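*Asks:* Below is a structure I'd like to ask you about.
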Amino acid sequence: MDQIQHKVKMTPRDFFLYLGAMAALYVSTVSFLTLLFQYANVLFPDPLESIYYHDPYSSSIRFAVASLFVIFPAYIFLTRLLNKDIRKHSEKRDLWIRKWLIYITLFVASISILVDLVILINTFLGGELTARFVAKVISVFIVVGAGFLYYFYDLRGRWETDTSMSKIVGVVVATLVFATVFSGFFLIGSPQTQRLIRFDQQKINDLQNIQGQVVYYWQVKQVLPGSLSDLEDPIYGFIVPADAQGGNAYGYRITGTRSFELCAMFNKESIGTESRGSVPAWPVAIEKMPGITDNWQHGTGETCFSRSIDPDLYPPIQIKR
């Protein structure tokens, strides 16, 4: 008995290998589901979200892709290392940390599947079932269910005895994960493409800011600024932004007594860049100003946005001296 207890004694190496493998599993699973959810958002867009700018390469997607590229291979490596170790030392199947971590994983997977089904049925009964929602529910069910089955058979010693099947599972899973990652470049574009889109969004933000300053200038002086440089105020601290991509000034042209155009060069055609309620931080009581609804849709190349100031919506401001 003492000899058996000595054989199954856990070493620091065992502890960190199992802990690292499970941590890598959880991070990889969350990252993979995050990526699948974002793909569902792209393939099944919500009309209610089309009025806002959507960054298809947001920080959550970047983190998911980076995690899968780095942490998922580490998970595969650690899992194969642990399975190989158990094949050589079968007594290590009884290590407490192995059993605890696997049972915790099975418990979390079971709860996730049950909650997933409850949410699916509840949404269906509420009549709000959409293709996007179904895609996300199915993604959770398949990914978490696959993990549950893998570790269920792991507890029964399937992967230690069936080496060929273990390798097949590893290859299939790795292929699916990396195929999902690379397919994202066809759905959301390459990182270089997304950088150009982010440049375009920065230009929209700059134009919104400039537009707010032009409107405020007219409210104070009842005349449009002759050039964008007239908007600069060293006391207030406003400096007219330039195009971050090339450093060029944005286009500005007066088209009437209360109308003007703002122009910029864009890299890509916009998809849902209408802005609602985006009131710039003017040096006035914002809560007394009505909301703004502006259309910032643009094509590739130079695009000009025509604006006309309605004095009923933006009345002149009398500044007390």
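Within each chain, counting starts at residue 1; across the structure tokens, chains are named A, B, ... in the order shown, with ligands numbered 1 upward in that order.
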Pull the strand (DSSP E or B) assignments for stretch 116-306 of chain A out of DSSP run on the backbone, and list those residues as a ChimeraX atom specification.

*Replies:* /A:233,238,251-254,259-266,275-276,293-294,301-306

*Asks:* Now that the selection is made, can you save its residues with N, CA and C atoms as a tab-separated table (two decimals), in the first residue's frame?

*Replies:*
chain	number	residue	atom	x	y	z
A	233	ASP	N	-9.05	77.87	-30.85
A	233	ASP	CA	-9.15	78.78	-29.70
A	233	ASP	C	-8.14	78.34	-28.65
A	238	PHE	N	-9.22	74.25	-28.27
A	238	PHE	CA	-9.59	73.46	-29.44
A	238	PHE	C	-8.58	73.68	-30.56
A	251	GLY	N	-11.31	68.92	-45.74
A	251	GLY	CA	-11.91	69.92	-46.61
A	251	GLY	C	-13.08	70.63	-45.95
A	252	TYR	N	-13.17	71.93	-46.20
A	252	TYR	CA	-14.27	72.73	-45.66
A	252	TYR	C	-14.65	73.77	-46.69
A	253	ARG	N	-15.96	73.88	-46.97
A	253	ARG	CA	-16.41	74.82	-47.97
A	253	ARG	C	-17.77	75.37	-47.55
A	254	ILE	N	-17.92	76.70	-47.62
A	254	ILE	CA	-19.19	77.35	-47.32
A	254	ILE	C	-20.07	77.29	-48.56
A	259	SER	N	-25.07	77.03	-44.45
A	259	SER	CA	-24.77	75.68	-44.92
A	259	SER	C	-23.29	75.57	-45.30
A	260	PHE	N	-22.77	74.36	-45.15
A	260	PHE	CA	-21.36	74.13	-45.42
A	260	PHE	C	-21.14	72.66	-45.74
A	261	GLU	N	-19.94	72.34	-46.20
A	261	GLU	CA	-19.55	70.96	-46.49
A	261	GLU	C	-18.25	70.64	-45.77
A	262	LEU	N	-18.16	69.40	-45.32
A	262	LEU	CA	-16.93	68.86	-44.75
A	262	LEU	C	-16.52	67.67	-45.60
A	263	CYS	N	-15.24	67.60	-45.96
A	263	CYS	CA	-14.79	66.56	-46.88
A	263	CYS	C	-13.57	65.82	-46.31
A	264	ALA	N	-13.44	64.56	-46.71
A	264	ALA	CA	-12.29	63.75	-46.32
A	264	ALA	C	-12.10	62.65	-47.34
A	265	MET	N	-10.89	62.09	-47.37
A	265	MET	CA	-10.57	60.96	-48.25
A	265	MET	C	-10.71	59.67	-47.45
A	266	PHE	N	-11.50	58.73	-47.97
A	266	PHE	CA	-11.77	57.48	-47.26
A	266	PHE	C	-11.19	56.29	-48.02
A	275	SER	N	-24.75	58.20	-37.24
A	275	SER	CA	-24.56	58.50	-35.83
A	275	SER	C	-25.79	59.19	-35.27
A	276	ARG	N	-26.29	58.67	-34.17
A	276	ARG	CA	-27.45	59.28	-33.53
A	276	ARG	C	-27.07	59.76	-32.15
A	293	THR	N	-29.03	63.99	-35.57
A	293	THR	CA	-29.04	62.77	-36.37
A	293	THR	C	-28.32	63.07	-37.68
A	294	ASP	N	-27.14	62.52	-37.84
A	294	ASP	CA	-26.32	62.81	-39.02
A	294	ASP	C	-26.04	61.52	-39.76
A	301	GLY	N	-12.63	56.97	-51.54
A	301	GLY	CA	-12.13	58.21	-52.11
A	301	GLY	C	-12.71	59.41	-51.39
A	302	GLU	N	-12.68	60.57	-52.04
A	302	GLU	CA	-13.16	61.79	-51.40
A	302	GLU	C	-14.67	61.79	-51.28
A	303	THR	N	-15.15	62.07	-50.09
A	303	THR	CA	-16.58	62.18	-49.82
A	303	THR	C	-16.83	63.46	-49.05
A	304	CYS	N	-17.84	64.24	-49.49
A	304	CYS	CA	-18.20	65.48	-48.82
A	304	CYS	C	-19.57	65.33	-48.17
A	305	PHE	N	-19.71	65.87	-46.99
A	305	PHE	CA	-20.95	65.80	-46.23
A	305	PHE	C	-21.55	67.20	-46.15
A	306	SER	N	-22.73	67.35	-46.70
A	306	SER	CA	-23.40	68.65	-46.70
A	306	SER	C	-24.20	68.82	-45.42

*Asks:* Pick out the residues sitting within 12 Å of A:Phe16, and hand them over as a PDB file with C-alpha atoms, in the first residue's frame; count only C-alpha atoms, and ignore anything fewer than 4 positions along from it in its own chain.

*Replies:*
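That gives us out.pdb:
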ATOM      1  CA  MET A  10       1.957  14.327  -7.145  1.00  0.00           C
ATOM      2  CA  THR A  11       5.035  16.278  -8.183  1.00  0.00           C
ATOM      3  CA  PRO A  12       5.262  20.043  -8.834  1.00  0.00           C
ATOM      4  CA  GLY A  20      -1.699  24.963 -17.230  1.00  0.00           C
ATOM      5  CA  ALA A  21      -3.607  22.580 -19.490  1.00  0.00           C
ATOM      6  CA  MET A  22      -6.969  23.433 -17.916  1.00  0.00           C
ATOM      7  CA  ALA A  23      -6.271  27.165 -17.910  1.00  0.00           C
ATOM      8  CA  ALA A  24      -5.344  26.943 -21.595  1.00  0.00           C
ATOM      9  CA  LEU A  78       0.271  20.065 -22.718  1.00  0.00           C
ATOM     10  CA  LEU A  82       0.007  14.565 -20.072  1.00  0.00           C
ATOM     11  CA  ILE A  97      -5.554  17.278  -9.245  1.00  0.00           C
ATOM     12  CA  ARG A  98      -6.331  15.446 -12.469  1.00  0.00           C
TER      13      ARG A  98
END

*Asks:* Looking only at alpha helix (DSSP H) from DSSP on the backbone, list the matching residues of stretch 175-311 of chain A as a PyMOL selection string.

*Replies:* chain A and resi 175-188+191-221

*Asks:* Restricting the calculation to only C-alpha atoms, which member of A:Leu36, A:Leu81, A:Leu228, A:Leu149 is positioned closest to A:Gly184?

*Replies:*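 Ranked by minimum distance to A:Gly184, first place goes to A:Leu36.
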
*Asks:* Env of A:Phe152: 10 Å cut, atoms = only C-alpha atoms, seq-sep filter 4 positions within chain, self excluded. Answer as a ChimeraX atom specification.

*Replies:* /A:102-103,105-106,146-148,156-158

*Asks:* Go through A:Ile235, A:Ala242, A:Val181, A:Leu43 one by one, measure the shortest atom-to-atom distance of each to A:Asp206 using only C-alpha atoms, and give the residue with the smallest value.

*Replies:* A:Ala242
